[in-house]
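As provided, start.cif (mmCIF, C-alpha atoms) reads as follows.
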```
data_run
#
loop_
_atom_site.group_PDB
_atom_site.id
_atom_site.type_symbol
_atom_site.label_atom_id
_atom_site.label_comp_id
_atom_site.auth_asym_id
_atom_site.auth_seq_id
_atom_site.Cartn_x
_atom_site.Cartn_y
_atom_site.Cartn_z
ATOM 1 C CA MET M 1 12.045 14.971 17.877
ATOM 2 C CA THR M 2 13.055 16.820 14.727
ATOM 3 C CA ASP M 3 12.318 15.712 11.177
ATOM 4 C CA GLU M 4 16.051 15.194 10.679
ATOM 5 C CA LYS M 5 16.147 12.862 13.672
ATOM 6 C CA ILE M 6 13.236 10.799 12.324
ATOM 7 C CA PHE M 7 14.944 10.547 8.922
ATOM 8 C CA SER M 8 18.120 9.443 10.710
ATOM 9 C CA ILE M 9 16.267 6.702 12.610
ATOM 10 C CA LEU M 10 14.553 5.513 9.432
ATOM 11 C CA LYS M 11 17.920 5.342 7.659
ATOM 12 C CA LYS M 12 19.294 3.280 10.547
ATOM 13 C CA TYR M 13 16.370 0.843 10.272
ATOM 14 C CA ARG M 14 16.539 0.671 6.465
ATOM 15 C CA ASP M 15 20.272 -0.073 6.648
ATOM 16 C CA HIS M 16 19.676 -2.702 9.346
ATOM 17 C CA LEU M 17 16.930 -4.439 7.350
ATOM 18 C CA GLU M 18 19.003 -4.373 4.173
ATOM 19 C CA LYS M 19 21.966 -5.825 6.084
ATOM 20 C CA LEU M 20 19.642 -8.677 7.109
ATOM 21 C CA LYS M 21 18.827 -9.096 3.397
ATOM 22 C CA VAL M 22 15.132 -8.455 3.991
ATOM 23 C CA GLU M 23 13.264 -8.405 0.697
ATOM 24 C CA LEU M 24 9.977 -6.695 -0.018
ATOM 25 C CA ILE M 25 7.110 -9.164 0.052
ATOM 26 C CA GLU M 26 3.452 -8.297 -0.404
ATOM 27 C CA THR M 27 1.913 -7.870 3.039
ATOM 28 C CA ASN M 28 -1.092 -9.972 3.972
ATOM 29 C CA TYR M 29 -3.080 -7.543 6.095
ATOM 30 C CA ASN M 30 -5.269 -10.367 7.424
ATOM 31 C CA ALA M 31 -2.377 -12.385 8.871
ATOM 32 C CA ARG M 32 -2.525 -12.521 12.646
ATOM 33 C CA SER M 33 0.883 -13.929 13.365
ATOM 34 C CA PRO M 34 3.272 -13.241 10.490
ATOM 35 C CA ASP M 35 6.671 -14.870 10.515
ATOM 36 C CA ARG M 36 9.819 -12.819 11.025
ATOM 37 C CA GLN M 37 10.593 -12.362 7.319
ATOM 38 C CA ILE M 38 7.101 -11.105 6.489
ATOM 39 C CA ALA M 39 7.034 -8.742 9.470
ATOM 40 C CA LEU M 40 10.454 -7.274 8.688
ATOM 41 C CA SER M 41 9.526 -6.975 5.014
ATOM 42 C CA HIS M 42 6.475 -4.975 6.030
ATOM 43 C CA LEU M 43 8.675 -2.634 8.072
ATOM 44 C CA LEU M 44 10.919 -2.084 5.065
ATOM 45 C CA SER M 45 7.872 -1.177 2.971
ATOM 46 C CA MET M 46 6.763 1.333 5.621
ATOM 47 C CA ILE M 47 9.940 3.426 5.509
ATOM 48 C CA PRO M 48 9.362 5.306 2.210
ATOM 49 C CA LYS M 49 5.755 5.950 3.219
ATOM 50 C CA MET M 50 6.925 7.385 6.534
ATOM 51 C CA GLU M 51 9.484 9.599 4.819
ATOM 52 C CA GLU M 52 6.686 10.975 2.662
ATOM 53 C CA MET M 53 4.490 11.565 5.724
ATOM 54 C CA ILE M 54 7.233 13.580 7.366
ATOM 55 C CA LYS M 55 7.741 15.689 4.249
ATOM 56 C CA GLU M 56 3.990 16.353 4.220
ATOM 57 C CA GLY M 57 4.046 17.405 7.885
ATOM 58 C CA ARG M 58 2.071 14.380 9.101
ATOM 59 C CA ARG M 59 4.308 13.891 12.112
ATOM 60 C CA GLU M 60 1.701 12.420 14.471
ATOM 61 C CA LYS M 61 1.023 9.517 12.127
ATOM 62 C CA SER M 62 4.733 9.006 11.464
ATOM 63 C CA PHE M 63 5.312 8.782 15.244
ATOM 64 C CA ARG M 64 2.619 6.087 15.559
ATOM 65 C CA TRP M 65 4.205 4.141 12.726
ATOM 66 C CA LEU M 66 7.655 4.568 14.276
ATOM 67 C CA GLY M 67 6.342 3.136 17.552
ATOM 68 C CA PHE M 68 4.899 0.168 15.667
ATOM 69 C CA MET M 69 8.205 -0.395 13.872
ATOM 70 C CA GLN M 70 10.160 -0.272 17.094
ATOM 71 C CA GLY M 71 7.765 -2.720 18.750
ATOM 72 C CA VAL M 72 8.230 -5.200 15.901
ATOM 73 C CA LEU M 73 12.013 -4.759 15.912
ATOM 74 C CA TRP M 74 12.098 -5.391 19.662
ATOM 75 C CA SER M 75 9.746 -8.380 19.537
ATOM 76 C CA PHE M 76 11.957 -10.098 16.936
ATOM 77 C CA GLY M 77 15.104 -9.370 18.951
ATOM 78 C CA GLU M 78 16.649 -6.946 16.473
ATOM 79 C CA PHE M 79 17.209 -4.243 19.098
ATOM 80 C CA SER M 80 16.943 -4.059 22.881
ATOM 81 C CA LEU M 81 14.640 -1.583 24.572
ATOM 82 C CA ASN M 82 17.716 0.413 25.579
ATOM 83 C CA ASP M 83 18.863 0.487 21.947
ATOM 84 C CA LEU M 84 15.470 1.742 20.796
ATOM 85 C CA ARG M 85 15.370 4.392 23.508
ATOM 86 C CA ASP M 86 18.825 5.558 22.479
ATOM 87 C CA HIS M 87 17.728 5.773 18.836
ATOM 88 C CA ASN M 88 15.068 8.282 19.862
ATOM 89 C CA ARG M 89 17.448 10.527 21.804
#
```

Encoded form (structure tokens):
Amino acid sequence: MTDEKIFSILKKYRDHLEKLKVELIETNYNARSPDRQIALSHLLSMIPKMEEMIKEGRREKSFRWLGFMQGVLWSFGEFSLNDLRDHNR
């Protein structure tokens, strides 16, 4: 996957979260079962950090974070597994 493709996926997820009117909320890193709003807010906060990782060449870490994001998006019913697979193509 190219850097451009990762940036494209992140834009898609940022746009999706903004369309849902997700707002940034401070993440409680000790929470074991965050509600949907908190989880999606955390994903939104991850996007600029991931963009920076990619620019710095830290692709492996950005891929791990992308997998986490996609797992959360799937678990909250935002995208199907087929959708997520297609995003990565």

Exercise. List as JSON, numbers by chain: which residues have an atom within 12 Å of (5.9, 11.2, 4.5), counting all atoms listed in the file?
Worked result: {"M": [3, 6, 7, 10, 46, 47, 48, 49, 50, 51, 52, 53, 54, 55, 56, 57, 58, 59, 60, 61, 62, 63, 65, 66]}

Exercise. Could you pull the residues within 10 Å of Glu26 in chain M, counting all atoms listed in the file, minus those fewer than 5 positions along the same chain, as a PyMOL selection string?
Worked result: chain M and resi 38+41-42+45

Seminar exercise, completed: The distance between CA of Gly77 in chain M and CA of Leu40 in chain M is 11.5 Å

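Interatomic distance, CA of Arg14 in chain M to CA of Thr2 in chain M: 18.5 Å.
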
Problem set entry | 12 Å contact set for range 34-36 of chain M, only C-alpha atoms, chain neighbours under 6 positions out, as number ranges by chain | M: 17, 20, 22-23, 25-28, 42-43, 72-78

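Between Tyr13 in chain M and the residues M:Ser80, M:Arg85, M:Ala31, M:Met69, the shortest atom-to-atom distance, using only C-alpha atoms, involves M:Met69.
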
For this session: Provide the CA of Asn30 in chain M to CA of Lys11 in chain M distance in Å, to one decimal place.
Result: 28.0 Å

Give the padded box for range 58-74 of chain M as JSON: axis-aligned, covering all atoms listed in the file, 6 Å on each side, centre and edge lengths in Å to one decimal.
```
{"center_x": 6.6, "center_y": 4.5, "center_z": 14.4, "size_x": 23.1, "size_y": 31.8, "size_z": 22.6}
```

Seminar exercise, completed: One residue among M:Lys12, M:Arg64, M:Lys5, M:Lys21 is nearest to Asn88 in chain M when using all atoms listed in the file, and that residue is M:Lys5

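For the residues M:Gly71, M:Leu44, M:Tyr29, M:Ala39, ranking by smallest atom-to-atom distance to Asp83 in chain M using only C-alpha atoms places M:Gly71 first.
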